[in-house]
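What follows is a single structure, written as structure tokens, with notes after it.
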Amino acid sequence: MNQKKNSAYKPTTRKNKELIRARYREGFILDDFKNVIDLKTVEWLNDPHWSKYLRPETLFGTKFESYLNQKPPKKKWRREDFDLHDEE
């Protein structure tokens, strides 16, 4: 998460450890944490309102399972995504 958001959350703080342990006790695995981080980063990172919620307290809290089961956002295509000019 720190790499994706360019943040410095410590995995050693009491609160962060509690959140992670709680999810592990519920049966979630490392890949689940990575998936939630990836999904919510894509969704929130460039949104001024939501980017502040990219933090352990939010991602690994009580909504963790709903975040994990969320479908990835669909790609919004723009005209610039297509090269419609023929090059000779």
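A note on labels: chains of the structure tokens are A, B, ... as shown, every chain counts residues from 1, and ligands are counted from 1 in their shown order.
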key: Selection near Leu68 (chain A), 9 Å with only C-alpha atoms, sequence-local residues under 3 positions removed, as a PyMOL selection string   = chain A and resi 32-33+35-36+39+63-65+71
request  = Determine the nearest neighbour of Arg23 (chain A) from the options A:Asn2, A:Ser7, A:Tyr53, A:Thr62, counting only C-alpha atoms.
outcome  =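 Checking each candidate against Arg23 (chain A), we get A:Thr62 as the closest.
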inquiry  = Taking 6 positions as the minimum chain separation for residues in the same chain, which residues sit within 12 Å of Ala8 (chain A) when counting only C-alpha atoms? Answer as a PyMOL selection string.
reply    = chain A and resi 1-2+54-56
request  = Determine which residues of chain A DSSP labels as alpha helix (DSSP H) from the backbone of this structure, then write them out as a ChimeraX atom specification.
outcome  = /A:2-5,14-25,30-44,56-59,64-68
Could you write out that same residue set with N, CA and C atoms as a short mmCIF file (atom, residue, chain, number, x, y, z; two decimals), in the first residue's frame?
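Written file, result.cif:
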```
data_model
loop_
_atom_site.label_atom_id
_atom_site.label_comp_id
_atom_site.auth_asym_id
_atom_site.auth_seq_id
_atom_site.Cartn_x
_atom_site.Cartn_y
_atom_site.Cartn_z
N ASN A 2 1.92 1.23 0.78
CA ASN A 2 2.81 2.39 0.82
C ASN A 2 3.42 2.69 -0.54
N GLN A 3 3.77 1.65 -1.28
CA GLN A 3 4.35 1.86 -2.60
C GLN A 3 3.33 2.45 -3.57
N LYS A 4 2.13 1.95 -3.55
CA LYS A 4 1.10 2.41 -4.48
C LYS A 4 0.65 3.83 -4.17
N LYS A 5 0.59 4.18 -2.89
CA LYS A 5 0.07 5.49 -2.50
C LYS A 5 1.19 6.48 -2.18
N ARG A 14 0.38 -0.69 16.76
CA ARG A 14 -0.59 -1.55 17.43
C ARG A 14 -1.90 -1.64 16.63
N LYS A 15 -2.43 -0.51 16.20
CA LYS A 15 -3.71 -0.48 15.49
C LYS A 15 -3.64 -1.24 14.16
N ASN A 16 -2.58 -1.00 13.39
CA ASN A 16 -2.44 -1.69 12.10
C ASN A 16 -2.32 -3.20 12.29
N LYS A 17 -1.55 -3.61 13.29
CA LYS A 17 -1.40 -5.03 13.58
C LYS A 17 -2.73 -5.65 13.99
N GLU A 18 -3.50 -4.94 14.79
CA GLU A 18 -4.81 -5.44 15.22
C GLU A 18 -5.74 -5.66 14.03
N LEU A 19 -5.75 -4.69 13.11
CA LEU A 19 -6.62 -4.80 11.93
C LEU A 19 -6.23 -6.00 11.08
N ILE A 20 -4.95 -6.14 10.82
CA ILE A 20 -4.46 -7.24 9.99
C ILE A 20 -4.71 -8.59 10.67
N ARG A 21 -4.43 -8.68 11.96
CA ARG A 21 -4.67 -9.94 12.69
C ARG A 21 -6.15 -10.31 12.69
N ALA A 22 -7.00 -9.31 12.86
CA ALA A 22 -8.44 -9.57 12.86
C ALA A 22 -8.88 -10.18 11.54
N ARG A 23 -8.38 -9.68 10.43
CA ARG A 23 -8.76 -10.23 9.12
C ARG A 23 -8.17 -11.63 8.94
N TYR A 24 -6.94 -11.85 9.41
CA TYR A 24 -6.34 -13.19 9.33
C TYR A 24 -7.16 -14.18 10.13
N ARG A 25 -7.62 -13.78 11.32
CA ARG A 25 -8.44 -14.67 12.15
C ARG A 25 -9.76 -15.01 11.47
N LEU A 30 -2.89 -13.33 2.56
CA LEU A 30 -2.09 -12.21 2.04
C LEU A 30 -2.61 -11.73 0.69
N ASP A 31 -2.95 -12.63 -0.21
CA ASP A 31 -3.45 -12.23 -1.52
C ASP A 31 -4.75 -11.42 -1.40
N ASP A 32 -5.56 -11.70 -0.40
CA ASP A 32 -6.78 -10.92 -0.19
C ASP A 32 -6.44 -9.46 0.14
N PHE A 33 -5.44 -9.27 0.98
CA PHE A 33 -5.01 -7.91 1.33
C PHE A 33 -4.49 -7.19 0.08
N LYS A 34 -3.69 -7.89 -0.70
CA LYS A 34 -3.15 -7.29 -1.93
C LYS A 34 -4.28 -6.91 -2.90
N ASN A 35 -5.28 -7.78 -3.02
CA ASN A 35 -6.39 -7.51 -3.93
C ASN A 35 -7.19 -6.29 -3.50
N VAL A 36 -7.45 -6.18 -2.21
CA VAL A 36 -8.18 -5.01 -1.71
C VAL A 36 -7.38 -3.74 -1.97
N ILE A 37 -6.10 -3.78 -1.68
CA ILE A 37 -5.24 -2.60 -1.92
C ILE A 37 -5.26 -2.23 -3.40
N ASP A 38 -5.09 -3.20 -4.27
CA ASP A 38 -5.09 -2.93 -5.71
C ASP A 38 -6.42 -2.35 -6.18
N LEU A 39 -7.50 -2.98 -5.78
CA LEU A 39 -8.83 -2.56 -6.22
C LEU A 39 -9.15 -1.13 -5.76
N LYS A 40 -8.93 -0.86 -4.48
CA LYS A 40 -9.29 0.45 -3.95
C LYS A 40 -8.31 1.53 -4.42
N THR A 41 -7.07 1.17 -4.70
CA THR A 41 -6.12 2.14 -5.23
C THR A 41 -6.56 2.59 -6.62
N VAL A 42 -6.93 1.64 -7.46
CA VAL A 42 -7.42 1.99 -8.79
C VAL A 42 -8.63 2.90 -8.69
N GLU A 43 -9.51 2.60 -7.76
CA GLU A 43 -10.75 3.34 -7.63
C GLU A 43 -10.56 4.72 -6.98
N TRP A 44 -9.70 4.81 -5.97
CA TRP A 44 -9.64 6.02 -5.14
C TRP A 44 -8.42 6.90 -5.31
N PRO A 56 -4.76 1.96 6.19
CA PRO A 56 -5.07 0.66 6.81
C PRO A 56 -6.39 0.66 7.57
N GLU A 57 -6.67 1.71 8.28
CA GLU A 57 -7.90 1.80 9.09
C GLU A 57 -9.15 1.58 8.24
N THR A 58 -9.14 2.11 7.03
CA THR A 58 -10.29 1.97 6.15
C THR A 58 -10.25 0.64 5.40
N LEU A 59 -9.14 0.34 4.77
CA LEU A 59 -9.05 -0.85 3.90
C LEU A 59 -9.16 -2.16 4.67
N PHE A 64 -13.73 -4.81 4.93
CA PHE A 64 -12.72 -5.52 4.16
C PHE A 64 -13.32 -6.54 3.20
N GLU A 65 -14.21 -7.38 3.70
CA GLU A 65 -14.78 -8.43 2.85
C GLU A 65 -15.61 -7.84 1.71
N SER A 66 -16.34 -6.78 1.96
CA SER A 66 -17.12 -6.18 0.87
C SER A 66 -16.20 -5.55 -0.17
N TYR A 67 -15.08 -4.96 0.27
CA TYR A 67 -14.11 -4.44 -0.69
C TYR A 67 -13.53 -5.58 -1.52
N LEU A 68 -13.21 -6.69 -0.87
CA LEU A 68 -12.62 -7.83 -1.56
C LEU A 68 -13.56 -8.40 -2.61
#
```
